[in-house]
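Visitor: Sharing input_9.txt, compact mmCIF, N, CA, C and O atoms:
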# COMPACT_ATOMS: atom_id res chain seq x y z
N MET T 867 -27.43 18.95 -42.67
CA MET T 867 -27.84 18.13 -43.77
C MET T 867 -29.34 17.88 -43.65
O MET T 867 -29.83 17.55 -42.58
N THR T 868 -30.04 18.04 -44.71
CA THR T 868 -31.49 17.85 -44.66
C THR T 868 -31.85 16.52 -45.32
O THR T 868 -31.19 16.07 -46.26
N ALA T 869 -32.87 15.90 -44.79
CA ALA T 869 -33.32 14.63 -45.34
C ALA T 869 -34.18 14.89 -46.56
O ALA T 869 -35.00 15.80 -46.59
N THR T 870 -33.96 14.09 -47.60
CA THR T 870 -34.75 14.29 -48.82
C THR T 870 -35.97 13.39 -48.87
O THR T 870 -36.81 13.54 -49.74
N ASN T 871 -36.04 12.45 -47.93
CA ASN T 871 -37.24 11.59 -47.89
C ASN T 871 -37.76 11.54 -46.46
O ASN T 871 -37.18 12.11 -45.55
N ASP T 872 -38.81 10.83 -46.26
CA ASP T 872 -39.43 10.75 -44.94
C ASP T 872 -38.84 9.62 -44.08
O ASP T 872 -39.36 9.34 -43.01
N ALA T 873 -37.82 8.98 -44.51
CA ALA T 873 -37.21 7.88 -43.75
C ALA T 873 -36.54 8.44 -42.49
O ALA T 873 -35.96 9.52 -42.53
N PRO T 874 -36.64 7.72 -41.37
CA PRO T 874 -36.01 8.22 -40.14
C PRO T 874 -34.48 8.20 -40.28
O PRO T 874 -33.92 7.37 -40.97
N ASP T 875 -33.87 9.16 -39.63
CA ASP T 875 -32.42 9.27 -39.67
C ASP T 875 -31.83 8.29 -38.64
O ASP T 875 -31.81 8.56 -37.45
N THR T 876 -31.39 7.12 -39.08
CA THR T 876 -30.90 6.10 -38.16
C THR T 876 -29.50 6.41 -37.67
O THR T 876 -29.11 5.96 -36.59
N THR T 877 -28.75 7.17 -38.39
CA THR T 877 -27.37 7.46 -37.95
C THR T 877 -27.37 8.30 -36.68
O THR T 877 -26.56 8.07 -35.80
N ALA T 878 -28.30 9.24 -36.57
CA ALA T 878 -28.38 10.06 -35.36
C ALA T 878 -28.79 9.19 -34.18
O ALA T 878 -28.24 9.31 -33.08
N GLU T 879 -29.75 8.30 -34.40
CA GLU T 879 -30.19 7.41 -33.33
C GLU T 879 -29.06 6.46 -32.92
O GLU T 879 -28.84 6.22 -31.73
N GLU T 880 -28.32 5.95 -33.89
CA GLU T 880 -27.19 5.07 -33.59
C GLU T 880 -26.11 5.81 -32.80
O GLU T 880 -25.51 5.26 -31.88
N ARG T 881 -25.87 7.08 -33.16
CA ARG T 881 -24.88 7.88 -32.42
C ARG T 881 -25.31 8.08 -30.98
O ARG T 881 -24.49 7.97 -30.06
N TRP T 882 -26.61 8.36 -30.77
CA TRP T 882 -27.09 8.54 -29.40
C TRP T 882 -27.00 7.24 -28.61
O TRP T 882 -26.63 7.25 -27.44
N GLN T 883 -27.29 6.12 -29.24
CA GLN T 883 -27.16 4.84 -28.56
C GLN T 883 -25.70 4.56 -28.19
O GLN T 883 -25.42 4.05 -27.11
N HIS T 884 -24.82 4.91 -29.10
CA HIS T 884 -23.39 4.73 -28.83
C HIS T 884 -22.96 5.61 -27.64
O HIS T 884 -22.25 5.14 -26.74
N ILE T 885 -23.42 6.84 -27.63
CA ILE T 885 -23.08 7.76 -26.54
C ILE T 885 -23.65 7.24 -25.22
O ILE T 885 -22.97 7.23 -24.19
N GLU T 886 -24.89 6.77 -25.23
CA GLU T 886 -25.50 6.23 -24.02
C GLU T 886 -24.77 4.98 -23.54
O GLU T 886 -24.57 4.78 -22.34
N GLY T 887 -24.32 4.15 -24.48
CA GLY T 887 -23.55 2.97 -24.12
C GLY T 887 -22.22 3.36 -23.48
O GLY T 887 -21.79 2.74 -22.49
N GLN T 888 -21.57 4.36 -24.03
CA GLN T 888 -20.30 4.83 -23.47
C GLN T 888 -20.50 5.42 -22.07
O GLN T 888 -19.70 5.17 -21.17
N LEU T 889 -21.58 6.18 -21.90
CA LEU T 889 -21.88 6.73 -20.57
C LEU T 889 -22.15 5.63 -19.55
O LEU T 889 -21.70 5.71 -18.40
N ALA T 890 -22.85 4.58 -19.96
CA ALA T 890 -23.11 3.46 -19.06
C ALA T 890 -21.80 2.76 -18.68
O ALA T 890 -21.60 2.38 -17.52
N ALA T 891 -20.89 2.61 -19.66
CA ALA T 891 -19.60 1.98 -19.38
C ALA T 891 -18.78 2.84 -18.42
O ALA T 891 -18.14 2.31 -17.49
N ILE T 892 -18.82 4.13 -18.61
CA ILE T 892 -18.09 5.05 -17.71
C ILE T 892 -18.67 4.97 -16.30
O ILE T 892 -17.93 4.92 -15.31
N GLU T 893 -19.98 4.95 -16.21
CA GLU T 893 -20.64 4.85 -14.90
C GLU T 893 -20.24 3.56 -14.19
O GLU T 893 -19.96 3.54 -12.99
N ARG T 894 -20.18 2.45 -14.94
CA ARG T 894 -19.75 1.16 -14.37
C ARG T 894 -18.31 1.24 -13.83
O ARG T 894 -18.03 0.79 -12.73
N ARG T 895 -17.42 1.84 -14.63
CA ARG T 895 -16.03 1.96 -14.19
C ARG T 895 -15.91 2.86 -12.97
O ARG T 895 -15.13 2.57 -12.06
N ILE T 896 -16.69 3.92 -12.92
CA ILE T 896 -16.66 4.81 -11.74
C ILE T 896 -17.11 4.04 -10.51
O ILE T 896 -16.50 4.14 -9.44
N ARG T 897 -18.17 3.24 -10.63
CA ARG T 897 -18.64 2.44 -9.50
C ARG T 897 -17.57 1.44 -9.05
O ARG T 897 -17.34 1.27 -7.85
N GLU T 898 -16.91 0.79 -10.01
CA GLU T 898 -15.87 -0.18 -9.66
C GLU T 898 -14.71 0.49 -8.94
O GLU T 898 -14.23 0.01 -7.91
N HIS T 899 -14.24 1.61 -9.49
CA HIS T 899 -13.12 2.32 -8.88
C HIS T 899 -13.49 2.89 -7.51
O HIS T 899 -12.68 2.84 -6.58
N SER T 900 -14.68 3.42 -7.39
CA SER T 900 -15.06 3.98 -6.10
C SER T 900 -15.25 2.88 -5.07
O SER T 900 -14.92 3.06 -3.90
N SER T 901 -15.74 1.71 -5.49
CA SER T 901 -15.86 0.59 -4.55
C SER T 901 -14.49 0.15 -4.07
O SER T 901 -14.29 -0.12 -2.88
N ALA T 902 -13.53 0.07 -4.98
CA ALA T 902 -12.16 -0.31 -4.60
C ALA T 902 -11.56 0.74 -3.68
O ALA T 902 -10.89 0.40 -2.69
N ALA T 903 -11.78 2.01 -3.98
CA ALA T 903 -11.25 3.08 -3.14
C ALA T 903 -11.87 3.04 -1.74
O ALA T 903 -11.17 3.21 -0.73
N LEU T 904 -13.16 2.79 -1.67
CA LEU T 904 -13.82 2.71 -0.36
C LEU T 904 -13.31 1.52 0.44
O LEU T 904 -13.13 1.61 1.65
N ALA T 905 -13.07 0.39 -0.23
CA ALA T 905 -12.53 -0.77 0.47
C ALA T 905 -11.14 -0.48 1.02
O ALA T 905 -10.81 -0.85 2.16
N THR T 906 -10.32 0.23 0.24
CA THR T 906 -8.99 0.61 0.70
C THR T 906 -9.08 1.55 1.89
O THR T 906 -8.34 1.40 2.87
N LEU T 907 -9.96 2.52 1.81
CA LEU T 907 -10.15 3.45 2.92
C LEU T 907 -10.63 2.73 4.17
O LEU T 907 -10.17 3.02 5.28
N ASP T 908 -11.55 1.78 4.01
CA ASP T 908 -12.02 1.01 5.15
C ASP T 908 -10.88 0.25 5.81
O ASP T 908 -10.79 0.20 7.04
N THR T 909 -10.00 -0.33 5.00
CA THR T 909 -8.85 -1.06 5.54
C THR T 909 -7.94 -0.12 6.32
O THR T 909 -7.51 -0.43 7.43
N CYS T 910 -7.66 1.04 5.75
CA CYS T 910 -6.79 2.03 6.43
C CYS T 910 -7.43 2.52 7.72
O CYS T 910 -6.74 2.66 8.75
N LEU T 911 -8.71 2.79 7.69
CA LEU T 911 -9.39 3.25 8.89
C LEU T 911 -9.41 2.18 9.98
O LEU T 911 -9.26 2.49 11.17
N ALA T 912 -9.55 0.92 9.58
CA ALA T 912 -9.51 -0.16 10.56
C ALA T 912 -8.13 -0.25 11.21
O ALA T 912 -8.01 -0.45 12.42
N ARG T 913 -7.07 -0.09 10.40
CA ARG T 913 -5.72 -0.10 10.96
C ARG T 913 -5.50 1.07 11.91
O ARG T 913 -4.90 0.92 12.98
N LEU T 914 -5.98 2.24 11.52
CA LEU T 914 -5.85 3.41 12.40
C LEU T 914 -6.62 3.21 13.70
O LEU T 914 -6.14 3.58 14.78
N ASP T 915 -7.80 2.62 13.62
CA ASP T 915 -8.59 2.36 14.81
C ASP T 915 -7.87 1.37 15.73
O ASP T 915 -7.85 1.54 16.95
N SER T 916 -7.25 0.36 15.13
CA SER T 916 -6.49 -0.60 15.92
C SER T 916 -5.30 0.07 16.61
O SER T 916 -5.03 -0.18 17.79
N LEU T 917 -4.60 0.94 15.88
CA LEU T 917 -3.48 1.67 16.49
C LEU T 917 -3.95 2.58 17.61
O LEU T 917 -3.33 2.68 18.66
N ARG T 918 -5.07 3.26 17.38
CA ARG T 918 -5.62 4.14 18.41
C ARG T 918 -5.96 3.34 19.66
O ARG T 918 -5.67 3.76 20.78
N HIS T 919 -6.56 2.18 19.46
CA HIS T 919 -6.92 1.33 20.59
C HIS T 919 -5.66 0.89 21.35
O HIS T 919 -5.63 0.93 22.58
N ASP T 920 -4.63 0.48 20.61
CA ASP T 920 -3.39 0.07 21.26
C ASP T 920 -2.78 1.22 22.06
O ASP T 920 -2.33 1.03 23.19
N LEU T 921 -2.76 2.40 21.48
CA LEU T 921 -2.18 3.54 22.17
C LEU T 921 -3.00 3.93 23.40
O LEU T 921 -2.45 4.37 24.41
N ALA T 922 -4.30 3.75 23.33
CA ALA T 922 -5.16 4.13 24.45
C ALA T 922 -5.08 3.14 25.60
O ALA T 922 -5.30 3.52 26.75
N HIS T 923 -4.75 1.88 25.32
CA HIS T 923 -4.81 0.86 26.37
C HIS T 923 -3.47 0.30 26.80
O HIS T 923 -3.41 -0.51 27.71
N ARG T 924 -2.41 0.69 26.17
CA ARG T 924 -1.08 0.22 26.58
C ARG T 924 -0.43 1.28 27.45
O ARG T 924 -0.71 2.47 27.31
N PRO T 925 0.46 0.85 28.33
CA PRO T 925 1.14 1.84 29.17
C PRO T 925 2.05 2.74 28.32
O PRO T 925 2.59 2.32 27.31
N TRP T 926 2.15 3.98 28.77
CA TRP T 926 3.01 4.93 28.07
C TRP T 926 3.97 5.52 29.07
O TRP T 926 3.54 5.91 30.14
N PRO T 927 5.18 5.65 28.84
CA PRO T 927 5.90 5.18 27.65
C PRO T 927 5.99 3.66 27.66
O PRO T 927 5.86 3.03 28.71
N PRO T 928 6.21 3.06 26.51
CA PRO T 928 6.27 1.60 26.46
C PRO T 928 7.35 1.07 27.39
O PRO T 928 8.41 1.68 27.56
N GLN T 929 7.04 -0.04 28.02
CA GLN T 929 7.99 -0.65 28.94
C GLN T 929 9.10 -1.33 28.14
O GLN T 929 8.91 -1.72 27.00
N ALA T 930 10.26 -1.47 28.80
CA ALA T 930 11.38 -2.13 28.14
C ALA T 930 11.03 -3.59 27.89
O ALA T 930 10.26 -4.20 28.63
N ILE T 931 11.60 -4.14 26.89
CA ILE T 931 11.37 -5.54 26.58
C ILE T 931 12.05 -6.38 27.65
O ILE T 931 13.23 -6.18 27.94
N PRO T 932 11.34 -7.31 28.27
CA PRO T 932 11.94 -8.11 29.34
C PRO T 932 13.05 -9.00 28.77
O PRO T 932 12.97 -9.49 27.67
N THR T 933 14.08 -9.19 29.60
CA THR T 933 15.17 -10.06 29.17
C THR T 933 14.75 -11.51 29.39
O THR T 933 13.92 -11.80 30.25
N PRO T 934 15.32 -12.42 28.64
CA PRO T 934 14.97 -13.82 28.82
C PRO T 934 15.36 -14.29 30.21
O PRO T 934 16.30 -13.79 30.82
N ALA T 935 14.66 -15.29 30.72
CA ALA T 935 14.91 -15.80 32.07
C ALA T 935 16.34 -16.33 32.20
O ALA T 935 17.03 -16.06 33.16
N ASP T 936 16.78 -17.12 31.27
CA ASP T 936 18.14 -17.66 31.29
C ASP T 936 18.86 -17.21 30.02
O ASP T 936 18.81 -17.89 29.00
N PRO T 937 19.52 -16.06 30.09
CA PRO T 937 20.22 -15.62 28.87
C PRO T 937 21.32 -16.61 28.52
O PRO T 937 21.91 -17.22 29.40
N PRO T 938 21.56 -16.81 27.26
CA PRO T 938 22.59 -17.77 26.87
C PRO T 938 23.96 -17.30 27.34
O PRO T 938 24.26 -16.11 27.35
N THR T 939 24.76 -18.26 27.78
CA THR T 939 26.10 -17.91 28.24
C THR T 939 27.03 -17.89 27.04
O THR T 939 26.92 -18.72 26.13
N ILE T 940 27.92 -16.95 27.07
CA ILE T 940 28.90 -16.83 26.00
C ILE T 940 30.17 -17.55 26.46
O ILE T 940 30.71 -17.22 27.52
N PRO T 941 30.62 -18.53 25.69
CA PRO T 941 31.82 -19.24 26.12
C PRO T 941 33.01 -18.29 26.11
O PRO T 941 33.08 -17.36 25.30
N PRO T 942 33.95 -18.49 27.03
CA PRO T 942 35.11 -17.60 27.05
C PRO T 942 35.91 -17.74 25.77
O PRO T 942 36.05 -18.83 25.23
N GLN T 943 36.39 -16.62 25.32
CA GLN T 943 37.20 -16.60 24.10
C GLN T 943 38.63 -16.98 24.46
O GLN T 943 39.16 -16.52 25.47
N PRO T 944 39.27 -17.81 23.65
CA PRO T 944 40.67 -18.16 23.95
C PRO T 944 41.53 -16.92 23.83
O PRO T 944 41.34 -16.09 22.95
N THR T 945 42.48 -16.82 24.74
CA THR T 945 43.37 -15.66 24.68
C THR T 945 44.42 -15.92 23.63
O THR T 945 44.91 -17.04 23.47
N ARG T 946 44.74 -14.88 22.91
CA ARG T 946 45.73 -15.00 21.85
C ARG T 946 47.03 -14.38 22.31
O ARG T 946 47.04 -13.35 22.98
N ALA T 947 48.10 -15.00 21.94
CA ALA T 947 49.41 -14.44 22.25
C ALA T 947 49.58 -13.20 21.41
O ALA T 947 49.09 -13.11 20.29
N PRO T 948 50.27 -12.21 21.97
CA PRO T 948 50.49 -11.00 21.17
C PRO T 948 51.25 -11.36 19.91
O PRO T 948 52.20 -12.13 19.92
N SER T 949 50.79 -10.84 18.85
CA SER T 949 51.44 -11.14 17.58
C SER T 949 52.64 -10.22 17.38
O SER T 949 52.66 -9.08 17.81
N GLU T 950 53.63 -10.77 16.74
CA GLU T 950 54.84 -9.98 16.47
C GLU T 950 54.56 -9.13 15.24
O GLU T 950 53.98 -9.60 14.27
N ARG T 951 55.04 -7.93 15.29
CA ARG T 951 54.88 -7.04 14.15
C ARG T 951 56.07 -7.27 13.24
O ARG T 951 57.19 -7.39 13.72
N PRO T 952 55.83 -7.31 11.97
CA PRO T 952 56.98 -7.49 11.06
C PRO T 952 57.89 -6.29 11.13
O PRO T 952 57.47 -5.16 11.36
N ALA T 953 59.17 -6.55 10.99
CA ALA T 953 60.18 -5.48 11.05
C ALA T 953 59.97 -4.54 9.89
O ALA T 953 59.57 -4.95 8.79
N ALA T 954 60.23 -3.29 10.14
CA ALA T 954 60.10 -2.30 9.08
C ALA T 954 61.18 -2.54 8.05
O ALA T 954 62.31 -2.82 8.37
N HIS T 955 60.81 -2.44 6.81
CA HIS T 955 61.77 -2.65 5.72
C HIS T 955 62.65 -1.41 5.59
O HIS T 955 62.16 -0.28 5.60
N ALA T 956 63.87 -1.67 5.46
CA ALA T 956 64.79 -0.55 5.25
C ALA T 956 64.71 -0.12 3.80
O ALA T 956 64.73 -0.95 2.91
N GLN T 957 64.59 1.14 3.62
CA GLN T 957 64.49 1.64 2.26
C GLN T 957 65.86 2.18 1.85
O GLN T 957 66.49 2.90 2.59
N GLY T 958 66.30 1.84 0.73
CA GLY T 958 67.63 2.27 0.42
C GLY T 958 67.88 2.69 -0.93
O GLY T 958 67.55 2.88 -1.90
In structure tokens, write the structure found in this file.
Guide:
Amino acid sequence: MTATNDAPDTTAEERWQHIEGQLAAIERRIREHSSAALATLDTCLARLDSLRHDLAHRPWPPQAIPTPADPPTIPPQPTRAPSERPAAHAQG
């Protein structure tokens, strides 16, 4: 489309401004997402480093869990008399 007068074409300039605004918004979102991703990676790496430290400084294989000094006593269970079985029904 050709301009018939010497007036500047504002629609082209507005389109470029819109495109630049969209690019700036995309750049902002990329920075936000990458910051969140880096924070997540830092957390995971810190956990891995903690696990590595534990594995490097604890005895291997892991020792059994110690039993309590005074384990609770279990009271004796009352003995039950043998139960009588019901007589088989005669089928007839």
Visitor: Find the distance between CA of Gln883 (chain T) and atom C of Arg895 (chain T) and write it in Å to one decimal.
Guide: 19.3 Å
Visitor: Show me, as AutoDock Vina command-line options, the centre and edge lengths in Å to one decimal of the axis-aligned box that covers every listed atom of region 873-882 of chain T with 3 Å on each side.
Guide:
--center_x -31.2 --center_y 7.6 --center_z -36.0 --size_x 19.3 --size_y 11.0 --size_z 23.1
Visitor: What's the separation between CA of Gln929 (chain T) and CA of Ala912 (chain T), in Å to one decimal place?
Guide: 25.4 Å
Visitor: Quick one: pull the distance between atom N of Arg918 (chain T) and atom O of Ser901 (chain T), Å, one decimal.
Guide: 22.5 Å
